[in-house]
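Here is the structure we will look at.
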Amino acid sequence: MTLEIAISRKAYRLANGRERLVFEDFALEVANGAIVALLGPSGCGKSSLLRIVAGLDRAFSGAVTPAPRRLGMVFQEPRLLPWRNVADNLRLAAPRLDESKLAELLAAFELEGHGGDYPGQLSLGLARRAALARAFAIEPELLLLDEPFASLDRALHQRLRALLSERIGARKMTALIATHDLDDALLLADEIIFLDHAPARIRGALSIAEPRGTRDEILTKLRASAEIYYMIDAGGNDSLEAAS
Amino acid sequence: MTRLISIVLFLALWQIGARFLGPHYLPAPAAVIETMIAEARSGALAFNLGVTLARVFAGFSLAMVAGSALGVALGRLPWLDRLVDPWVVILLNTPALVIIMFAYVWGGLNEVSALMAIALNKLPNAVVTLREGARALDPALDEMAQAFAFPRWRRWRHVVAPQLAPFFAAAARGGLALVWKIVLVVELLGRPNGVGFKMNEAFQLFDLRLLLAYAAPFVALMMLAETFVLRPAEKAANWRLRHDA
């Protein structure tokens with residue numbers, strides 16, 4: 001079933017009493033089984049959108065239909081329970097996870113041997129893997145990823161993205177990935193939604209048909225296809241400026 | 001080890017002080033132990049100590065359960081907090097003696113009034129500590145639990161309780177020291193048995209040997225409870241002390 005997101009209005013009240021409008025007459029349809037990347041500058045409302053879809057924020061006018069069942073979510077911070085070890089964090093999110101599935105999942109995210117570690121003992125990279133593994137553990141119908149690679153160094157970022165790319169194609173699920181990194185979107189998504197500064201508007205959409213596994217080689221070509229929406233700066237790195 | 005030396009030193013000072021002041025002002029440790037043995041033989045020591053400990057335990061549990069529930073509620077519901085907070089502050093600053101007297105006047109000189117008086121004295125302390133704990137609950141983890149649709153019990157057991165446990169343990173530790181002192185006053189004012197009652201009797205007779213014969217084992221018991229029950233419990237309740245790298 002298609003996920004329909006319609007937000008007629010969403011605003012935050014600021015400390016100084018004024019309002020910051022994030023969405024106005026915003027609508028987005030996500031086809032069943034589609035992997036959709038929300039690409040836009042920081043503060044454009046990507047996280048707000050995911051929180052609304054997840055049902056964590058109900059202070060908006062509009063609707064998300066159908067209300068998602070079996071939701072897996074990865075927040076910007078890992079948000080693991082610090083008093084439970086990695087394996088228990090996964091088990092608590094997914095009580096029906098059996099031991100062989102658990103081991104398989106830990107292996108898939110290169111967490112072998114860390115099942116008994118507590119989150120305080122993990123590096124950020126490992127904690128993020130655990131958070132991703134937790135979201136996959138419940139075999140979600142809808143997966144929401146909010147900047148899942150934020151504040152990782154480049155090598156870790158790429159490694160984790162490759163792991164995620166493998167897992168995301170392994171099972172049918174609908175996914176929304178919020179990111180400000182064009183390469184993340186190009187390598188992971190079937191469709192990229194380009195968002196403007198708040199109040200967020202859809203500037204355009206780009207479908208990517210090439211299979212995920214082959215995209216690494218044609219990344220330059222893919223980047224070029226996105227150029228009408230974004231100008232990639234001369235250094236060729238991931239930081240993007242919105243084209244005016 | 002240092003604690004042991006400290007206790008031996010205390011006993012030595014007591015002995016010297018007794019020699020200096022004479023038995024009317026400070027009985028020697030040996031004389032106190034003699035009285036203690038006599039009281040123990042008659043069964044009075046065990047009985048009164050037992051009665052007092054039961055009151056400490058019951059009043060303490062009552063205050064911890066009710067105080068924690070109310071504290072968590074106040075920490076979670078700002079409107080309720082604004083309403084109830086002045087009452088908590090009033091109760092916190094009302095002398096224990098006043099609460100005890102009111103309990104006895106309103107409820108009569110019985111066990112229920114005694115327990116209410118004990119619990120009410122400890123209650124605001126538990127409320128304030130647990131309220132602090134409930135305010136410190138991490139909203140990020142709460143959202144995580146909501147996103148992953150944790151059922152109510154799992155959320156309470158694995159997300160909320162571990163965050164509240166250190167506050168609960170701190171309230172319990174501070175609470176015991178408070179409660180056992182209040183229990184003695186409650187007994188002194190309106191109970192026909194217990195350590196407080198015996199102390200009153202000793203005071204009427206200016207019998208300091210009897211007074212100390214009851215005070216010493218009681219203090220010793222409370223120190224043991226503090227060292228071997230409450231402190232380890234506090235350590236166990238705090239996940240940070242258990243396994244943060």
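Labels for the structure tokens follow display order: chains A, B, ..., residues from 1 in each chain, ligands from 1.
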**At most 8 Å to chain B: residues in chain A, only C-alpha atoms, as an NGL selection string** = :A and (54-56 or 70-73 or 79-81 or 83 or 92-93 or 118 or 120-121)
Alpha helix (DSSP H) residues, from DSSP on the backbone, in stretch 73-225 of chain A, as a PDB file with N, CA, C and O atoms, in the first residue's frame:
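What landed in out36.pdb:
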```pdb
ATOM      1  N   VAL A  86      24.437  -5.031  23.662  1.00  0.00           N
ATOM      2  CA  VAL A  86      23.989  -4.898  22.270  1.00  0.00           C
ATOM      3  C   VAL A  86      22.936  -5.950  21.928  1.00  0.00           C
ATOM      4  O   VAL A  86      21.874  -5.633  21.382  1.00  0.00           O
ATOM      5  N   ALA A  87      23.215  -7.207  22.303  1.00  0.00           N
ATOM      6  CA  ALA A  87      22.268  -8.282  21.970  1.00  0.00           C
ATOM      7  C   ALA A  87      20.912  -8.025  22.628  1.00  0.00           C
ATOM      8  O   ALA A  87      19.871  -8.195  21.994  1.00  0.00           O
ATOM      9  N   ASP A  88      20.940  -7.582  23.892  1.00  0.00           N
ATOM     10  CA  ASP A  88      19.670  -7.324  24.586  1.00  0.00           C
ATOM     11  C   ASP A  88      18.938  -6.124  23.989  1.00  0.00           C
ATOM     12  O   ASP A  88      17.704  -6.099  23.962  1.00  0.00           O
ATOM     13  N   ASN A  89      19.683  -5.136  23.520  1.00  0.00           N
ATOM     14  CA  ASN A  89      19.047  -4.005  22.860  1.00  0.00           C
ATOM     15  C   ASN A  89      18.266  -4.485  21.627  1.00  0.00           C
ATOM     16  O   ASN A  89      17.165  -4.017  21.357  1.00  0.00           O
ATOM     17  N   LEU A  90      18.860  -5.429  20.891  1.00  0.00           N
ATOM     18  CA  LEU A  90      18.171  -5.970  19.718  1.00  0.00           C
ATOM     19  C   LEU A  90      16.973  -6.812  20.137  1.00  0.00           C
ATOM     20  O   LEU A  90      15.884  -6.707  19.566  1.00  0.00           O
ATOM     21  N   ARG A  91      17.183  -7.635  21.173  1.00  0.00           N
ATOM     22  CA  ARG A  91      16.093  -8.525  21.623  1.00  0.00           C
ATOM     23  C   ARG A  91      14.913  -7.723  22.143  1.00  0.00           C
ATOM     24  O   ARG A  91      13.763  -8.096  21.939  1.00  0.00           O
ATOM     25  N   LEU A  92      15.207  -6.607  22.843  1.00  0.00           N
ATOM     26  CA  LEU A  92      14.111  -5.815  23.406  1.00  0.00           C
ATOM     27  C   LEU A  92      13.276  -5.164  22.309  1.00  0.00           C
ATOM     28  O   LEU A  92      12.067  -5.052  22.429  1.00  0.00           O
ATOM     29  N   ALA A  93      13.936  -4.751  21.231  1.00  0.00           N
ATOM     30  CA  ALA A  93      13.186  -4.138  20.132  1.00  0.00           C
ATOM     31  C   ALA A  93      12.426  -5.195  19.354  1.00  0.00           C
ATOM     32  O   ALA A  93      11.343  -4.943  18.838  1.00  0.00           O
ATOM     33  N   GLU A  99      17.885 -16.799  18.303  1.00  0.00           N
ATOM     34  CA  GLU A  99      19.328 -16.639  18.490  1.00  0.00           C
ATOM     35  C   GLU A  99      20.101 -16.721  17.169  1.00  0.00           C
ATOM     36  O   GLU A  99      21.077 -16.018  16.979  1.00  0.00           O
ATOM     37  N   SER A 100      19.661 -17.581  16.248  1.00  0.00           N
ATOM     38  CA  SER A 100      20.400 -17.709  14.995  1.00  0.00           C
ATOM     39  C   SER A 100      20.225 -16.443  14.146  1.00  0.00           C
ATOM     40  O   SER A 100      21.166 -15.965  13.516  1.00  0.00           O
ATOM     41  N   LYS A 101      19.000 -15.893  14.176  1.00  0.00           N
ATOM     42  CA  LYS A 101      18.744 -14.639  13.459  1.00  0.00           C
ATOM     43  C   LYS A 101      19.585 -13.508  14.049  1.00  0.00           C
ATOM     44  O   LYS A 101      20.134 -12.670  13.328  1.00  0.00           O
ATOM     45  N   LEU A 102      19.669 -13.501  15.371  1.00  0.00           N
ATOM     46  CA  LEU A 102      20.437 -12.481  16.067  1.00  0.00           C
ATOM     47  C   LEU A 102      21.910 -12.538  15.637  1.00  0.00           C
ATOM     48  O   LEU A 102      22.504 -11.518  15.275  1.00  0.00           O
ATOM     49  N   ALA A 103      22.442 -13.757  15.626  1.00  0.00           N
ATOM     50  CA  ALA A 103      23.850 -13.926  15.253  1.00  0.00           C
ATOM     51  C   ALA A 103      24.075 -13.486  13.802  1.00  0.00           C
ATOM     52  O   ALA A 103      25.063 -12.814  13.480  1.00  0.00           O
ATOM     53  N   GLU A 104      23.103 -13.847  12.963  1.00  0.00           N
ATOM     54  CA  GLU A 104      23.183 -13.494  11.544  1.00  0.00           C
ATOM     55  C   GLU A 104      23.192 -11.965  11.359  1.00  0.00           C
ATOM     56  O   GLU A 104      23.960 -11.413  10.578  1.00  0.00           O
ATOM     57  N   LEU A 105      22.335 -11.333  12.135  1.00  0.00           N
ATOM     58  CA  LEU A 105      22.197  -9.880  12.049  1.00  0.00           C
ATOM     59  C   LEU A 105      23.473  -9.173  12.535  1.00  0.00           C
ATOM     60  O   LEU A 105      23.961  -8.223  11.920  1.00  0.00           O
ATOM     61  N   LEU A 106      24.004  -9.661  13.657  1.00  0.00           N
ATOM     62  CA  LEU A 106      25.237  -9.073  14.191  1.00  0.00           C
ATOM     63  C   LEU A 106      26.361  -9.239  13.165  1.00  0.00           C
ATOM     64  O   LEU A 106      27.156  -8.329  12.943  1.00  0.00           O
ATOM     65  N   ALA A 107      26.382 -10.400  12.508  1.00  0.00           N
ATOM     66  CA  ALA A 107      27.414 -10.636  11.501  1.00  0.00           C
ATOM     67  C   ALA A 107      27.225  -9.692  10.315  1.00  0.00           C
ATOM     68  O   ALA A 107      28.187  -9.117   9.811  1.00  0.00           O
ATOM     69  N   ALA A 108      25.970  -9.503   9.909  1.00  0.00           N
ATOM     70  CA  ALA A 108      25.701  -8.665   8.741  1.00  0.00           C
ATOM     71  C   ALA A 108      26.167  -7.230   8.949  1.00  0.00           C
ATOM     72  O   ALA A 108      26.565  -6.559   8.009  1.00  0.00           O
ATOM     73  N   LEU A 124      31.494   5.207  18.244  1.00  0.00           N
ATOM     74  CA  LEU A 124      30.293   5.705  17.586  1.00  0.00           C
ATOM     75  C   LEU A 124      29.942   4.839  16.378  1.00  0.00           C
ATOM     76  O   LEU A 124      28.776   4.530  16.129  1.00  0.00           O
ATOM     77  N   GLY A 125      30.965   4.429  15.629  1.00  0.00           N
ATOM     78  CA  GLY A 125      30.728   3.602  14.448  1.00  0.00           C
ATOM     79  C   GLY A 125      30.028   2.299  14.811  1.00  0.00           C
ATOM     80  O   GLY A 125      29.057   1.893  14.172  1.00  0.00           O
ATOM     81  N   LEU A 126      30.517   1.656  15.880  1.00  0.00           N
ATOM     82  CA  LEU A 126      29.909   0.395  16.302  1.00  0.00           C
ATOM     83  C   LEU A 126      28.499   0.623  16.844  1.00  0.00           C
ATOM     84  O   LEU A 126      27.588  -0.171  16.588  1.00  0.00           O
ATOM     85  N   ALA A 127      28.322   1.717  17.592  1.00  0.00           N
ATOM     86  CA  ALA A 127      27.003   1.997  18.155  1.00  0.00           C
ATOM     87  C   ALA A 127      25.984   2.229  17.037  1.00  0.00           C
ATOM     88  O   ALA A 127      24.840   1.795  17.121  1.00  0.00           O
ATOM     89  N   ARG A 128      26.425   2.914  15.970  1.00  0.00           N
ATOM     90  CA  ARG A 128      25.520   3.134  14.839  1.00  0.00           C
ATOM     91  C   ARG A 128      25.153   1.822  14.168  1.00  0.00           C
ATOM     92  O   ARG A 128      24.022   1.625  13.736  1.00  0.00           O
ATOM     93  N   ARG A 129      26.154   0.921  14.052  1.00  0.00           N
ATOM     94  CA  ARG A 129      25.851  -0.388  13.474  1.00  0.00           C
ATOM     95  C   ARG A 129      24.810  -1.102  14.309  1.00  0.00           C
ATOM     96  O   ARG A 129      23.888  -1.730  13.781  1.00  0.00           O
ATOM     97  N   ALA A 130      24.989  -1.013  15.639  1.00  0.00           N
ATOM     98  CA  ALA A 130      24.026  -1.680  16.530  1.00  0.00           C
ATOM     99  C   ALA A 130      22.638  -1.079  16.339  1.00  0.00           C
ATOM    100  O   ALA A 130      21.636  -1.796  16.318  1.00  0.00           O
ATOM    101  N   ALA A 131      22.586   0.259  16.183  1.00  0.00           N
ATOM    102  CA  ALA A 131      21.285   0.908  15.986  1.00  0.00           C
ATOM    103  C   ALA A 131      20.656   0.468  14.663  1.00  0.00           C
ATOM    104  O   ALA A 131      19.444   0.255  14.579  1.00  0.00           O
ATOM    105  N   LEU A 132      21.479   0.321  13.627  1.00  0.00           N
ATOM    106  CA  LEU A 132      20.962  -0.169  12.342  1.00  0.00           C
ATOM    107  C   LEU A 132      20.483  -1.615  12.474  1.00  0.00           C
ATOM    108  O   LEU A 132      19.402  -1.964  12.000  1.00  0.00           O
ATOM    109  N   ALA A 133      21.297  -2.434  13.145  1.00  0.00           N
ATOM    110  CA  ALA A 133      20.926  -3.844  13.326  1.00  0.00           C
ATOM    111  C   ALA A 133      19.602  -3.941  14.077  1.00  0.00           C
ATOM    112  O   ALA A 133      18.754  -4.767  13.750  1.00  0.00           O
ATOM    113  N   ARG A 134      19.405  -3.055  15.060  1.00  0.00           N
ATOM    114  CA  ARG A 134      18.164  -3.072  15.832  1.00  0.00           C
ATOM    115  C   ARG A 134      16.963  -2.770  14.931  1.00  0.00           C
ATOM    116  O   ARG A 134      15.921  -3.419  15.028  1.00  0.00           O
ATOM    117  N   ALA A 135      17.140  -1.790  14.049  1.00  0.00           N
ATOM    118  CA  ALA A 135      16.027  -1.434  13.160  1.00  0.00           C
ATOM    119  C   ALA A 135      15.701  -2.587  12.205  1.00  0.00           C
ATOM    120  O   ALA A 135      14.534  -2.828  11.898  1.00  0.00           O
ATOM    121  N   PHE A 136      16.731  -3.313  11.761  1.00  0.00           N
ATOM    122  CA  PHE A 136      16.480  -4.433  10.865  1.00  0.00           C
ATOM    123  C   PHE A 136      15.950  -5.649  11.612  1.00  0.00           C
ATOM    124  O   PHE A 136      15.305  -6.513  11.035  1.00  0.00           O
ATOM    125  N   ALA A 137      16.251  -5.726  12.916  1.00  0.00           N
ATOM    126  CA  ALA A 137      15.872  -6.902  13.704  1.00  0.00           C
ATOM    127  C   ALA A 137      14.369  -7.116  13.715  1.00  0.00           C
ATOM    128  O   ALA A 137      13.904  -8.249  13.762  1.00  0.00           O
ATOM    129  N   ARG A 154      35.148   9.532   7.086  1.00  0.00           N
ATOM    130  CA  ARG A 154      34.813   9.165   5.716  1.00  0.00           C
ATOM    131  C   ARG A 154      34.858   7.665   5.461  1.00  0.00           C
ATOM    132  O   ARG A 154      33.935   7.092   4.863  1.00  0.00           O
ATOM    133  N   ALA A 155      35.913   7.028   5.935  1.00  0.00           N
ATOM    134  CA  ALA A 155      36.067   5.594   5.673  1.00  0.00           C
ATOM    135  C   ALA A 155      34.937   4.801   6.335  1.00  0.00           C
ATOM    136  O   ALA A 155      34.325   3.921   5.707  1.00  0.00           O
ATOM    137  N   LEU A 156      34.645   5.128   7.575  1.00  0.00           N
ATOM    138  CA  LEU A 156      33.570   4.445   8.295  1.00  0.00           C
ATOM    139  C   LEU A 156      32.234   4.680   7.618  1.00  0.00           C
ATOM    140  O   LEU A 156      31.417   3.769   7.478  1.00  0.00           O
ATOM    141  N   HIS A 157      32.008   5.923   7.226  1.00  0.00           N
ATOM    142  CA  HIS A 157      30.799   6.325   6.540  1.00  0.00           C
ATOM    143  C   HIS A 157      30.576   5.432   5.317  1.00  0.00           C
ATOM    144  O   HIS A 157      29.501   4.842   5.139  1.00  0.00           O
ATOM    145  N   GLN A 158      31.627   5.275   4.505  1.00  0.00           N
ATOM    146  CA  GLN A 158      31.478   4.503   3.264  1.00  0.00           C
ATOM    147  C   GLN A 158      31.260   3.024   3.542  1.00  0.00           C
ATOM    148  O   GLN A 158      30.451   2.376   2.891  1.00  0.00           O
ATOM    149  N   ARG A 159      31.989   2.516   4.556  1.00  0.00           N
ATOM    150  CA  ARG A 159      31.857   1.102   4.905  1.00  0.00           C
ATOM    151  C   ARG A 159      30.426   0.800   5.368  1.00  0.00           C
ATOM    152  O   ARG A 159      29.804  -0.170   4.949  1.00  0.00           O
ATOM    153  N   LEU A 160      29.922   1.669   6.222  1.00  0.00           N
ATOM    154  CA  LEU A 160      28.590   1.458   6.785  1.00  0.00           C
ATOM    155  C   LEU A 160      27.515   1.613   5.708  1.00  0.00           C
ATOM    156  O   LEU A 160      26.524   0.887   5.680  1.00  0.00           O
ATOM    157  N   ARG A 161      27.772   2.547   4.785  1.00  0.00           N
ATOM    158  CA  ARG A 161      26.826   2.742   3.687  1.00  0.00           C
ATOM    159  C   ARG A 161      26.763   1.496   2.814  1.00  0.00           C
ATOM    160  O   ARG A 161      25.688   1.076   2.390  1.00  0.00           O
ATOM    161  N   ALA A 162      27.933   0.888   2.580  1.00  0.00           N
ATOM    162  CA  ALA A 162      27.964  -0.337   1.777  1.00  0.00           C
ATOM    163  C   ALA A 162      27.188  -1.456   2.480  1.00  0.00           C
ATOM    164  O   ALA A 162      26.415  -2.191   1.846  1.00  0.00           O
ATOM    165  N   LEU A 163      27.380  -1.567   3.795  1.00  0.00           N
ATOM    166  CA  LEU A 163      26.647  -2.591   4.558  1.00  0.00           C
ATOM    167  C   LEU A 163      25.146  -2.369   4.458  1.00  0.00           C
ATOM    168  O   LEU A 163      24.368  -3.296   4.231  1.00  0.00           O
ATOM    169  N   LEU A 164      24.751  -1.125   4.601  1.00  0.00           N
ATOM    170  CA  LEU A 164      23.331  -0.787   4.575  1.00  0.00           C
ATOM    171  C   LEU A 164      22.744  -1.060   3.191  1.00  0.00           C
ATOM    172  O   LEU A 164      21.645  -1.598   3.067  1.00  0.00           O
ATOM    173  N   SER A 165      23.517  -0.716   2.164  1.00  0.00           N
ATOM    174  CA  SER A 165      23.062  -0.929   0.796  1.00  0.00           C
ATOM    175  C   SER A 165      22.775  -2.406   0.547  1.00  0.00           C
ATOM    176  O   SER A 165      21.775  -2.766  -0.079  1.00  0.00           O
ATOM    177  N   GLU A 166      23.630  -3.269   1.079  1.00  0.00           N
ATOM    178  CA  GLU A 166      23.426  -4.708   0.941  1.00  0.00           C
ATOM    179  C   GLU A 166      22.148  -5.151   1.647  1.00  0.00           C
ATOM    180  O   GLU A 166      21.340  -5.894   1.087  1.00  0.00           O
ATOM    181  N   ARG A 167      21.985  -4.689   2.886  1.00  0.00           N
ATOM    182  CA  ARG A 167      20.858  -5.152   3.694  1.00  0.00           C
ATOM    183  C   ARG A 167      19.529  -4.629   3.182  1.00  0.00           C
ATOM    184  O   ARG A 167      18.511  -5.302   3.256  1.00  0.00           O
ATOM    185  N   ILE A 168      19.551  -3.413   2.681  1.00  0.00           N
ATOM    186  CA  ILE A 168      18.311  -2.769   2.291  1.00  0.00           C
ATOM    187  C   ILE A 168      17.707  -3.441   1.066  1.00  0.00           C
ATOM    188  O   ILE A 168      16.495  -3.458   0.867  1.00  0.00           O
ATOM    189  N   GLY A 169      18.597  -4.056   0.251  1.00  0.00           N
ATOM    190  CA  GLY A 169      18.089  -4.751  -0.923  1.00  0.00           C
ATOM    191  C   GLY A 169      17.714  -6.198  -0.640  1.00  0.00           C
ATOM    192  O   GLY A 169      17.082  -6.860  -1.447  1.00  0.00           O
ATOM    193  N   ALA A 170      18.111  -6.702   0.533  1.00  0.00           N
ATOM    194  CA  ALA A 170      17.949  -8.126   0.813  1.00  0.00           C
ATOM    195  C   ALA A 170      16.506  -8.522   1.088  1.00  0.00           C
ATOM    196  O   ALA A 170      16.125  -9.666   0.898  1.00  0.00           O
ATOM    197  N   LEU A 182      24.612  13.753  -0.990  1.00  0.00           N
ATOM    198  CA  LEU A 182      24.115  13.304  -2.286  1.00  0.00           C
ATOM    199  C   LEU A 182      24.512  11.850  -2.560  1.00  0.00           C
ATOM    200  O   LEU A 182      23.701  11.059  -3.033  1.00  0.00           O
ATOM    201  N   ASP A 183      25.756  11.493  -2.252  1.00  0.00           N
ATOM    202  CA  ASP A 183      26.213  10.130  -2.546  1.00  0.00           C
ATOM    203  C   ASP A 183      25.406   9.086  -1.774  1.00  0.00           C
ATOM    204  O   ASP A 183      25.088   8.023  -2.306  1.00  0.00           O
ATOM    205  N   ASP A 184      25.062   9.404  -0.501  1.00  0.00           N
ATOM    206  CA  ASP A 184      24.217   8.483   0.265  1.00  0.00           C
ATOM    207  C   ASP A 184      22.941   8.211  -0.506  1.00  0.00           C
ATOM    208  O   ASP A 184      22.525   7.067  -0.676  1.00  0.00           O
ATOM    209  N   ALA A 185      22.333   9.288  -0.969  1.00  0.00           N
ATOM    210  CA  ALA A 185      21.059   9.166  -1.667  1.00  0.00           C
ATOM    211  C   ALA A 185      21.234   8.384  -2.974  1.00  0.00           C
ATOM    212  O   ALA A 185      20.449   7.485  -3.277  1.00  0.00           O
ATOM    213  N   LEU A 186      22.282   8.708  -3.717  1.00  0.00           N
ATOM    214  CA  LEU A 186      22.486   8.066  -5.016  1.00  0.00           C
ATOM    215  C   LEU A 186      22.765   6.567  -4.873  1.00  0.00           C
ATOM    216  O   LEU A 186      22.344   5.774  -5.691  1.00  0.00           O
ATOM    217  N   LEU A 187      23.467   6.192  -3.825  1.00  0.00           N
ATOM    218  CA  LEU A 187      23.866   4.795  -3.680  1.00  0.00           C
ATOM    219  C   LEU A 187      22.795   3.936  -3.014  1.00  0.00           C
ATOM    220  O   LEU A 187      22.780   2.726  -3.184  1.00  0.00           O
ATOM    221  N   LEU A 188      21.905   4.560  -2.254  1.00  0.00           N
ATOM    222  CA  LEU A 188      20.960   3.748  -1.483  1.00  0.00           C
ATOM    223  C   LEU A 188      19.544   3.750  -2.045  1.00  0.00           C
ATOM    224  O   LEU A 188      18.828   2.763  -1.913  1.00  0.00           O
ATOM    225  N   LEU A 219      29.079   6.144 -10.275  1.00  0.00           N
ATOM    226  CA  LEU A 219      28.713   7.208  -9.358  1.00  0.00           C
ATOM    227  C   LEU A 219      28.860   8.598  -9.992  1.00  0.00           C
ATOM    228  O   LEU A 219      28.012   9.472  -9.793  1.00  0.00           O
ATOM    229  N   THR A 220      29.929   8.767 -10.799  1.00  0.00           N
ATOM    230  CA  THR A 220      30.156  10.070 -11.416  1.00  0.00           C
ATOM    231  C   THR A 220      29.000  10.445 -12.340  1.00  0.00           C
ATOM    232  O   THR A 220      28.518  11.576 -12.351  1.00  0.00           O
ATOM    233  N   LYS A 221      28.542   9.407 -13.079  1.00  0.00           N
ATOM    234  CA  LYS A 221      27.431   9.638 -14.000  1.00  0.00           C
ATOM    235  C   LYS A 221      26.158   9.985 -13.228  1.00  0.00           C
ATOM    236  O   LYS A 221      25.405  10.896 -13.589  1.00  0.00           O
ATOM    237  N   LEU A 222      25.957   9.251 -12.125  1.00  0.00           N
ATOM    238  CA  LEU A 222      24.771   9.493 -11.313  1.00  0.00           C
ATOM    239  C   LEU A 222      24.793  10.902 -10.728  1.00  0.00           C
ATOM    240  O   LEU A 222      23.782  11.603 -10.701  1.00  0.00           O
ATOM    241  N   ARG A 223      26.003  11.314 -10.282  1.00  0.00           N
ATOM    242  CA  ARG A 223      26.119  12.661  -9.721  1.00  0.00           C
ATOM    243  C   ARG A 223      25.711  13.702 -10.766  1.00  0.00           C
ATOM    244  O   ARG A 223      25.011  14.663 -10.463  1.00  0.00           O
ATOM    245  N   ALA A 224      26.158  13.451 -12.005  1.00  0.00           N
ATOM    246  CA  ALA A 224      25.853  14.401 -13.072  1.00  0.00           C
ATOM    247  C   ALA A 224      24.352  14.496 -13.299  1.00  0.00           C
ATOM    248  O   ALA A 224      23.816  15.584 -13.534  1.00  0.00           O
ATOM    249  N   SER A 225      23.667  13.353 -13.156  1.00  0.00           N
ATOM    250  CA  SER A 225      22.223  13.371 -13.403  1.00  0.00           C
ATOM    251  C   SER A 225      21.475  14.165 -12.333  1.00  0.00           C
ATOM    252  O   SER A 225      20.360  14.602 -12.539  1.00  0.00           O
TER     253      SER A 225
END
```
**Asked** What's the 6 Å shell around B:Glu187, counting only C-alpha atoms, without same-chain residues fewer than 3 positions away, as a ChimeraX atom specification?
**Response** /B:184,190-191,196-197
Excluding stretch 89-94 of chain B and residues on its chain fewer than 6 positions from it, collect all residues at most 10 Å away from it, counting only C-alpha atoms, and give them as a PDB file with C-alpha atoms, in the first residue's frame.
```pdb
ATOM      1  CA  LEU B 120       4.623  11.088  56.503  1.00  0.00           C
ATOM      2  CA  ASN B 121       7.936  12.285  57.888  1.00  0.00           C
ATOM      3  CA  LYS B 122       9.939  10.387  55.293  1.00  0.00           C
ATOM      4  CA  LEU B 123       7.492  10.891  52.405  1.00  0.00           C
ATOM      5  CA  PRO B 124       8.442  14.381  51.143  1.00  0.00           C
ATOM      6  CA  ASN B 125      12.084  13.385  51.034  1.00  0.00           C
ATOM      7  CA  VAL B 127       8.987  12.561  46.655  1.00  0.00           C
ATOM      8  CA  VAL B 128      11.630  15.214  46.010  1.00  0.00           C
TER       9      VAL B 128
END
```
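Minimum atom-to-atom distances from A:Pro41, A:Pro78, A:Pro199, A:Gly113 to A:Glu24 were compared using only C-alpha atoms, and the lowest value belongs to A:Pro199.
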